[in-house]
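J.: First, the structure itself, so that you have it in front of you.
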Amino acid sequence: FSFFPFFSPSFRPFHVEPTNIVSENDDMQRVTDEASAMNKRIHYYSRLTSPADKALIAPDHVLPAPDEIYVYSPLGTAFKVDSYTDGYGKNSSLVTIFVIWNTMMGTSILSIPWGVKQAGFTSGIILILLMGILTLYCCYRVVKSRQMIPLTDTSNWEFPDVCKYYFGSFGQWSSLLFSMVSLVGAMVVYWVLMSNFLFNTGKFIYNFVHDINVTDIVPGTNGSNKVICPSAASDHSPQNRSVMFSSGNRTGFELFEEWWDKSQTVPFYLIAVLLPLLNLKSPSFFAKFNVLGTVSVIYLVFLVTVKAVHLGIHLEFNWFTENEFFVPEFRVLFPQLTGVLTLAFFIHNCVITLLQNNRNQENNVRDLSIAYFLVGLTYLYVGVIIFASFPSPPLSKECIEQNFLDNFPSDDIMSFVARIFLLFQMMTVYPLLGYLARVQLLRQFFGNAYPSLFHVLILNLAIVGAGVAMARFYPNIGSIIRYSGATCGLAFVFMYPSLIYMISLHRAGQLTWPALIIHIFIILLGLANLIAQFLL
């Protein structure tokens, strides 16, 4: 989730979670014994009196020096946030907007065109707009949640602290549960995508080095801007089948295809690289490559634009009926898109930290709204352009894959570059996600983020095993995203912000029937969103 910063002496914390102590020194463990002891001392001072009483606050000599912090958005990035002093940050509104956009944007963008296809073109556009507005409002409620707690200094609280204040231990443990769903779900999606990108990258390099000209045994268009339909031959598992047309050693080529299989072998090869990285005590080095996330998204937008220019627009409006090449404008499968969008617009776990670093605190709501608008615009652009330019006929719109890069063959140069960018970015973010999962889970049960190599190895083997199993048997990233998004979104997007707002209004004697009905309706929408994922 997110790490919140240490404050200057004028804003001393009375409560600092152990998971929020971060070290940048690669040679030291992420949470040192000294830092743990310091945290216990701060906890001691916080319990000497009520939080609102400033008489007994932690003195200067037990406060840590300013350090670096990181926030995390599922399928987005682990983003570095600079420390700040005097209770406010140094970032301008423009930088704050970009940071929120960069943190929220992630690999879910690859599944947006598939979600639009599942919902229908017109309903897909409407749902992206409505889900953006709804998740923005819930995010606004998260930002305002601390201010509605009376007689308590909440300046260094994060949203899980607010949940704990209102719901006690249930809020604490449910926050842990849903945060783990978010993290593990993201790591599973990353493993599936890394297997996909590594397979296609290896296939491209092998064919190029050995001067082999191959074509995949899947339906597709002709010409230099080829588009393929892997799902049309899914009954025969075409993902690794090819026909060789020109020079090269056929025996060697067949051997390569046997040992370089998208689901049978490649997911296991990643273990040798990533499992040792997961066991590092301090993976903070990988956060230095966060800029790759921005580069990847910008390049994807560029790729989509270029492909659309070459392919043209292929649209036909059939409002409720389906034909051979086009899908209806409104489809009953639309909840699959809302599940994806719940995670695509999810930043509720770290938005407070990001906005605390804004120099102009009075502009927080405006900056958050602009950032959401830009994120929604990016998703809308990629989803609409890919769907509209998909060549129908000769291919059906149903051919749009859950990862739209799969609709381009492995020998497509632009897609090859995109896969290289995304593969390297995910391999640098993955250890950070594993570290966050380790800190949140092991700290709760053992009081130490690194109790022993054995404990850490068992946890990492379980997480890696889940990723390998999904890449092997269920490599459907759109479905994985919508399941995990609807699950963690039910709590952090729909339920907790609405419940906290209603409870705070009730305690203040300001709860009205319209507010009650609206926020109960939001909770029911989140619940329906989750249930629908398992029915469609």
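Naming scheme: A, B, ... for chains in displayed order of the structure tokens; residues 1 onward per chain; ligands 1 onward as shown.
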For Leu423 (chain A), please output as a list of chain:residue names all residues within 12 Å (counting only C-alpha atoms; exclusion window: fewer than 4 positions along the same chain).
T.: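 Surrounding residues, per the criterion: A:Thr107, A:Tyr190, A:Trp191, A:Val192, A:Leu193, A:Met194, A:Ser195, A:Asn196, A:Phe197, A:Leu198, A:Phe199, A:Asn200, A:Thr201, A:Gly202, A:Leu270, A:Leu292, A:Gly293, A:Ser296, A:Ser415, A:Phe416, A:Val417, A:Ala418, A:Arg419, A:Met427, A:Thr428, A:Val429, A:Tyr430.
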J.: Region 104-171 of chain A near region 470-494 of chain A within 9 Å: what's each residue's closest atom pair and its distance in Å to one decimal, counting only C-alpha atoms, ordered by chain then ascending residue number, as JSON lines?
T.:
{"residue": "A:Ser108", "atom": "CA", "partner": "A:Ile481", "partner_atom": "CA", "distance": 7.3}
{"residue": "A:Leu110", "atom": "CA", "partner": "A:Gly478", "partner_atom": "CA", "distance": 8.5}
{"residue": "A:Ser111", "atom": "CA", "partner": "A:Gly478", "partner_atom": "CA", "distance": 5.5}
{"residue": "A:Ile112", "atom": "CA", "partner": "A:Gly478", "partner_atom": "CA", "distance": 8.4}
{"residue": "A:Trp114", "atom": "CA", "partner": "A:Gly478", "partner_atom": "CA", "distance": 7.6}
{"residue": "A:Gly115", "atom": "CA", "partner": "A:Gly478", "partner_atom": "CA", "distance": 7.7}
{"residue": "A:Leu134", "atom": "CA", "partner": "A:Phe494", "partner_atom": "CA", "distance": 8.9}
{"residue": "A:Thr135", "atom": "CA", "partner": "A:Val493", "partner_atom": "CA", "distance": 6.6}
{"residue": "A:Cys138", "atom": "CA", "partner": "A:Val493", "partner_atom": "CA", "distance": 5.9}
{"residue": "A:Cys139", "atom": "CA", "partner": "A:Val493", "partner_atom": "CA", "distance": 7.1}
{"residue": "A:Val142", "atom": "CA", "partner": "A:Val493", "partner_atom": "CA", "distance": 8.6}
{"residue": "A:Phe159", "atom": "CA", "partner": "A:Phe492", "partner_atom": "CA", "distance": 8.9}
J.: Now that the selection is made, can you save its residues with N, CA and C atoms as a PDB file, in the first residue's frame?
T.:
ATOM      1  N   SER A 108      -3.166  -2.344 -16.535  1.00  0.00           N
ATOM      2  CA  SER A 108      -4.589  -2.522 -16.807  1.00  0.00           C
ATOM      3  C   SER A 108      -4.982  -1.867 -18.126  1.00  0.00           C
ATOM      4  N   LEU A 110      -3.739  -2.397 -20.857  1.00  0.00           N
ATOM      5  CA  LEU A 110      -3.687  -3.424 -21.895  1.00  0.00           C
ATOM      6  C   LEU A 110      -5.019  -4.146 -22.049  1.00  0.00           C
ATOM      7  N   SER A 111      -5.848  -4.137 -21.019  1.00  0.00           N
ATOM      8  CA  SER A 111      -7.123  -4.870 -21.052  1.00  0.00           C
ATOM      9  C   SER A 111      -8.318  -3.976 -21.324  1.00  0.00           C
ATOM     10  N   ILE A 112      -8.117  -2.658 -21.400  1.00  0.00           N
ATOM     11  CA  ILE A 112      -9.243  -1.743 -21.622  1.00  0.00           C
ATOM     12  C   ILE A 112      -9.940  -2.016 -22.964  1.00  0.00           C
ATOM     13  N   TRP A 114     -10.232  -4.799 -24.597  1.00  0.00           N
ATOM     14  CA  TRP A 114     -11.009  -6.028 -24.409  1.00  0.00           C
ATOM     15  C   TRP A 114     -12.257  -5.744 -23.594  1.00  0.00           C
ATOM     16  N   GLY A 115     -12.138  -4.930 -22.548  1.00  0.00           N
ATOM     17  CA  GLY A 115     -13.297  -4.580 -21.741  1.00  0.00           C
ATOM     18  C   GLY A 115     -14.339  -3.824 -22.540  1.00  0.00           C
ATOM     19  N   LEU A 134     -17.435   7.982 -10.516  1.00  0.00           N
ATOM     20  CA  LEU A 134     -17.768   7.313  -9.250  1.00  0.00           C
ATOM     21  C   LEU A 134     -16.525   7.065  -8.407  1.00  0.00           C
ATOM     22  N   THR A 135     -15.466   6.539  -9.021  1.00  0.00           N
ATOM     23  CA  THR A 135     -14.246   6.281  -8.249  1.00  0.00           C
ATOM     24  C   THR A 135     -13.575   7.580  -7.807  1.00  0.00           C
ATOM     25  N   CYS A 138     -15.492   8.615  -4.655  1.00  0.00           N
ATOM     26  CA  CYS A 138     -15.081   7.781  -3.516  1.00  0.00           C
ATOM     27  C   CYS A 138     -13.670   8.145  -3.063  1.00  0.00           C
ATOM     28  N   CYS A 139     -12.795   8.489  -4.022  1.00  0.00           N
ATOM     29  CA  CYS A 139     -11.446   8.920  -3.669  1.00  0.00           C
ATOM     30  C   CYS A 139     -11.493  10.253  -2.918  1.00  0.00           C
ATOM     31  N   VAL A 142     -12.250   9.572   0.569  1.00  0.00           N
ATOM     32  CA  VAL A 142     -11.048   9.097   1.269  1.00  0.00           C
ATOM     33  C   VAL A 142     -10.198  10.283   1.715  1.00  0.00           C
ATOM     34  N   PHE A 159      -5.339   6.064   5.116  1.00  0.00           N
ATOM     35  CA  PHE A 159      -6.715   5.578   5.130  1.00  0.00           C
ATOM     36  C   PHE A 159      -6.901   4.314   5.966  1.00  0.00           C
TER      37      PHE A 159
END
J.: I'd like a table as CSV: residues in region 177-224 of chain A with an atom no more than 8 Å from region 390-410 of chain A, each row giving the shortest atom pair and its distance in Å to one decimal, only C-alpha atoms counted, sorted by chain and rising residue number.
T.:
residue,atom,partner,partner_atom,distance
A:Asn200,CA,A:Ser410,CA,5.2
A:Thr201,CA,A:Ser410,CA,7.2
A:Lys203,CA,A:Ser410,CA,6.9
A:Phe204,CA,A:Ser410,CA,5.8
A:Asp216,CA,A:Pro409,CA,7.6
A:Pro219,CA,A:Leu395,CA,8.0
A:Gly220,CA,A:Leu395,CA,7.1
A:Thr221,CA,A:Pro394,CA,7.1
J.: If you run DSSP over the backbone, which residues in region 388-429 of chain A end up helix (DSSP H, G or I)? Put them as a short mmCIF file (atom, residue, chain, number, x, y, z; two decimals) with C-alpha atoms, in the first residue's frame.
T.:
data_model
loop_
_atom_site.label_atom_id
_atom_site.label_comp_id
_atom_site.auth_asym_id
_atom_site.auth_seq_id
_atom_site.Cartn_x
_atom_site.Cartn_y
_atom_site.Cartn_z
CA ALA A 388 -12.42 1.24 -33.68
CA SER A 389 -9.31 0.46 -35.74
CA LYS A 397 -14.26 -7.63 -33.05
CA GLU A 398 -14.54 -10.68 -30.80
CA CYS A 399 -10.88 -11.33 -31.65
CA PHE A 404 -4.29 -6.17 -26.94
CA LEU A 405 -0.58 -6.63 -27.77
CA ASP A 406 -1.43 -10.30 -28.42
CA ASN A 407 -3.32 -9.13 -31.51
CA ILE A 413 8.70 -4.33 -34.55
CA MET A 414 6.61 -1.77 -32.67
CA SER A 415 4.98 -4.45 -30.52
CA PHE A 416 8.41 -5.99 -29.87
CA VAL A 417 9.68 -2.65 -28.50
CA ALA A 418 6.56 -2.28 -26.33
CA ARG A 419 7.02 -5.77 -24.91
CA ILE A 420 10.69 -5.05 -24.12
CA PHE A 421 9.76 -1.85 -22.25
CA LEU A 422 6.96 -3.52 -20.31
CA LEU A 423 8.98 -6.65 -19.51
CA PHE A 424 11.86 -4.69 -18.00
CA GLN A 425 9.51 -2.36 -16.14
CA MET A 426 7.58 -5.27 -14.60
CA MET A 427 10.75 -7.10 -13.61
CA THR A 428 11.83 -4.01 -11.64
CA VAL A 429 8.42 -3.37 -10.04
#
J.: Applying 9 Å and only C-alpha atoms, which residues near Ser179 (chain A) remain after dropping the ones on its own chain fewer than 2 positions away? List them as a PDB file with N, CA and C atoms, in the first residue's frame.
T.:
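Here's the written file part_29.pdb:
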ATOM      1  N   PHE A   1       0.843  -1.182   0.000  1.00  0.00           N
ATOM      2  CA  PHE A   1       0.000   0.000   0.000  1.00  0.00           C
ATOM      3  C   PHE A   1       0.877   1.230   0.000  1.00  0.00           C
ATOM      4  N   SER A 174      -9.272  -6.424   8.001  1.00  0.00           N
ATOM      5  CA  SER A 174      -9.886  -6.415   6.675  1.00  0.00           C
ATOM      6  C   SER A 174      -9.055  -5.582   5.703  1.00  0.00           C
ATOM      7  N   SER A 175      -8.458  -4.486   6.202  1.00  0.00           N
ATOM      8  CA  SER A 175      -7.558  -3.703   5.357  1.00  0.00           C
ATOM      9  C   SER A 175      -6.376  -4.563   4.903  1.00  0.00           C
ATOM     10  N   LEU A 176      -5.837  -5.364   5.829  1.00  0.00           N
ATOM     11  CA  LEU A 176      -4.734  -6.260   5.480  1.00  0.00           C
ATOM     12  C   LEU A 176      -5.173  -7.270   4.423  1.00  0.00           C
ATOM     13  N   LEU A 177      -6.363  -7.852   4.619  1.00  0.00           N
ATOM     14  CA  LEU A 177      -6.851  -8.868   3.693  1.00  0.00           C
ATOM     15  C   LEU A 177      -7.011  -8.298   2.285  1.00  0.00           C
ATOM     16  N   VAL A 181      -5.031  -8.989  -1.289  1.00  0.00           N
ATOM     17  CA  VAL A 181      -5.701  -9.357  -2.538  1.00  0.00           C
ATOM     18  C   VAL A 181      -5.215  -8.465  -3.664  1.00  0.00           C
ATOM     19  N   SER A 182      -5.105  -7.167  -3.364  1.00  0.00           N
ATOM     20  CA  SER A 182      -4.634  -6.215  -4.367  1.00  0.00           C
ATOM     21  C   SER A 182      -3.206  -6.525  -4.791  1.00  0.00           C
ATOM     22  N   LEU A 183      -2.324  -6.723  -3.823  1.00  0.00           N
ATOM     23  CA  LEU A 183      -0.916  -6.956  -4.127  1.00  0.00           C
ATOM     24  C   LEU A 183      -0.681  -8.283  -4.839  1.00  0.00           C
ATOM     25  N   VAL A 184      -1.243  -9.360  -4.290  1.00  0.00           N
ATOM     26  CA  VAL A 184      -1.029 -10.677  -4.891  1.00  0.00           C
ATOM     27  C   VAL A 184      -1.684 -10.739  -6.267  1.00  0.00           C
ATOM     28  N   ASN A 349      -5.655   3.753  -1.930  1.00  0.00           N
ATOM     29  CA  ASN A 349      -4.780   3.332  -0.839  1.00  0.00           C
ATOM     30  C   ASN A 349      -3.639   4.301  -0.585  1.00  0.00           C
ATOM     31  N   ALA A 437       4.119  -6.875   0.034  1.00  0.00           N
ATOM     32  CA  ALA A 437       3.314  -7.994   0.522  1.00  0.00           C
ATOM     33  C   ALA A 437       3.966  -8.637   1.738  1.00  0.00           C
ATOM     34  N   GLN A 440       3.601  -6.268   4.877  1.00  0.00           N
ATOM     35  CA  GLN A 440       2.250  -6.191   5.420  1.00  0.00           C
ATOM     36  C   GLN A 440       1.844  -7.487   6.114  1.00  0.00           C
ATOM     37  N   CYS A 488     -10.989  -6.069  -4.072  1.00  0.00           N
ATOM     38  CA  CYS A 488     -10.399  -5.031  -3.225  1.00  0.00           C
ATOM     39  C   CYS A 488     -11.145  -3.709  -3.388  1.00  0.00           C
ATOM     40  N   PHE A 492     -12.152  -0.830  -0.454  1.00  0.00           N
ATOM     41  CA  PHE A 492     -11.446   0.447  -0.415  1.00  0.00           C
ATOM     42  C   PHE A 492     -12.059   1.521  -1.306  1.00  0.00           C
TER      43      PHE A 492
END
J.: Please run DSSP on the backbone and report, as a list in words, all residues within region 130-287 of chain A that come out as strand (DSSP E or B).
T.: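 So, restricting region 130-287 of chain A to strand (DSSP E or B), we get Val214, Thr215, Asp216, Gly220, Ile228, Ser242, Val243 and Met244 of chain A.
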J.: Would you mind exporting C-alpha atoms of the selected residues as a tab-separated table (two decimals), in the first residue's frame?
T.:
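Saved to out_25.tsv:
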chain	number	residue	atom	x	y	z
A	214	VAL	CA	7.65	-17.89	-39.80
A	215	THR	CA	3.96	-17.29	-39.65
A	216	ASP	CA	1.68	-18.14	-36.76
A	220	GLY	CA	-5.00	-12.69	-39.50
A	228	ILE	CA	-3.97	-11.69	-35.78
A	242	SER	CA	4.36	-21.70	-36.33
A	243	VAL	CA	5.15	-22.69	-39.89
A	244	MET	CA	8.64	-22.03	-41.26
J.: Could you list, as a list in words, every residue within 9 Å of Ile385 (chain A), counting only C-alpha atoms and ignoring same-chain residues fewer than 6 positions away?
T.: Pro113, Val304, Thr305, Ala308 and Ile313 of chain A
J.: Output the selection as a CSV table (one decimal), in the first residue's frame - C-alpha atoms for each residue.
T.:
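And here's result-v4.csv as it stands now:
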chain,number,residue,atom,x,y,z
A,113,PRO,CA,-9.9,-2.5,-25.3
A,304,VAL,CA,-2.0,2.8,-30.7
A,305,THR,CA,-2.0,6.0,-32.7
A,308,ALA,CA,-4.8,3.3,-36.0
A,313,ILE,CA,-11.5,3.0,-38.7
J.: Show which residues sit within 10 Å of Leu441 (chain A), as a CSV table (one decimal) with N, CA, C and O atoms, in the first residue's frame. Count only C-alpha atoms, and ignore same-chain residues fewer than 3 positions away.
T.:
chain,number,residue,atom,x,y,z
A,19,THR,N,5.6,-0.8,9.1
A,19,THR,CA,5.8,-1.0,7.7
A,19,THR,C,6.1,0.3,7.0
A,19,THR,O,6.5,0.3,5.8
A,176,LEU,N,-5.8,-5.4,5.8
A,176,LEU,CA,-4.7,-6.3,5.5
A,176,LEU,C,-5.2,-7.3,4.4
A,176,LEU,O,-4.5,-7.5,3.4
A,177,LEU,N,-6.4,-7.9,4.6
A,177,LEU,CA,-6.9,-8.9,3.7
A,177,LEU,C,-7.0,-8.3,2.3
A,177,LEU,O,-6.5,-8.9,1.3
A,179,SER,N,-5.8,-5.5,1.0
A,179,SER,CA,-4.5,-5.1,0.5
A,179,SER,C,-3.7,-6.2,-0.1
A,179,SER,O,-3.0,-6.1,-1.1
A,180,MET,N,-3.8,-7.4,0.6
A,180,MET,CA,-3.1,-8.5,0.1
A,180,MET,C,-3.7,-9.1,-1.2
A,180,MET,O,-3.0,-9.5,-2.1
A,435,TYR,N,8.0,-7.1,-1.8
A,435,TYR,CA,8.5,-6.6,-0.5
A,435,TYR,C,7.3,-6.0,0.3
A,435,TYR,O,7.1,-6.2,1.5
A,436,LEU,N,6.4,-5.3,-0.4
A,436,LEU,CA,5.2,-4.7,0.2
A,436,LEU,C,4.3,-5.8,0.8
A,436,LEU,O,3.8,-5.7,1.9
A,437,ALA,N,4.1,-6.9,0.0
A,437,ALA,CA,3.3,-8.0,0.5
A,437,ALA,C,4.0,-8.6,1.7
A,437,ALA,O,3.3,-9.0,2.7
A,438,ARG,N,5.3,-8.8,1.7
A,438,ARG,CA,6.0,-9.4,2.8
A,438,ARG,C,5.9,-8.5,4.1
A,438,ARG,O,5.6,-9.0,5.2
A,444,GLN,N,2.5,-8.3,10.5
A,444,GLN,CA,1.3,-8.5,11.3
A,444,GLN,C,1.4,-9.8,12.1
A,444,GLN,O,1.0,-9.8,13.3
A,445,PHE,N,2.0,-10.9,11.6
A,445,PHE,CA,2.0,-12.2,12.2
A,445,PHE,C,3.2,-12.4,13.1
A,445,PHE,O,3.2,-13.1,14.1
A,446,PHE,N,4.4,-11.8,12.7
A,446,PHE,CA,5.6,-12.1,13.4
A,446,PHE,C,6.3,-10.9,14.0
A,446,PHE,O,7.3,-11.0,14.6
A,447,GLY,N,5.7,-9.7,13.7
A,447,GLY,CA,6.3,-8.5,14.2
A,447,GLY,C,7.6,-8.1,13.6
A,447,GLY,O,8.3,-7.2,14.1
A,448,ASN,N,8.0,-8.8,12.5
A,448,ASN,CA,9.2,-8.5,11.8
A,448,ASN,C,9.0,-8.7,10.3
A,448,ASN,O,8.4,-9.8,9.9
A,449,ALA,N,9.4,-7.8,9.5
A,449,ALA,CA,9.2,-7.9,8.0
A,449,ALA,C,10.1,-9.0,7.4
A,449,ALA,O,9.9,-9.5,6.3
A,459,LEU,N,6.8,-17.6,1.9
A,459,LEU,CA,5.8,-16.7,1.4
A,459,LEU,C,6.0,-16.4,-0.1
A,459,LEU,O,5.1,-16.4,-0.9
J.: Please, what distance in Å, to one decimal, runs between CA of Pro497 (chain A) and CA of Arg141 (chain A)?
T.: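 Interatomic distance here is 5.7 Å.
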J.: If we count only C-alpha atoms and set the cut-off at 12 Å, which residues sit around Leu499 (chain A), ignoring sequence neighbours fewer than 2 positions away in its own chain? Please answer as a VMD selection string.
T.: chain A and resid 138 141 to 142 145 162 to 163 166 to 167 171 490 to 497 501 to 506 511 515 to 524
J.: Let me make sure I understand: among A:Asp412, A:Leu127, A:Tyr206, A:Gln336, which one has the smallest atom-to-atom distance to Glu257 (chain A) if we use only C-alpha atoms?
T.: A:Tyr206
J.: Would you please work out which residue, of A:Leu275, A:Val266, A:Val382, A:Leu343, is nearest to Tyr299 (chain A) when using only C-alpha atoms?
T.: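 Looking at the shortest contact to Tyr299 (chain A), the residue is A:Val382.
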J.: Which residue gives the smallest distance to Val301 (chain A) among A:Ser92, A:Asn225, A:Thr378, A:Ser263, with only C-alpha atoms counted?
T.: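 So, comparing all the options, the nearest one is A:Thr378.
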J.: What lies within 7 Å of Leu333 (chain A) using only C-alpha atoms, ignoring chain neighbours under 6 positions off, as a CSV table (one decimal) with C-alpha atoms, in the first residue's frame?
T.:
chain,number,residue,atom,x,y,z
A,118,GLN,CA,-17.1,-7.1,-23.8
A,119,ALA,CA,-19.4,-4.2,-22.8
A,536,LEU,CA,-20.5,-13.7,-16.3
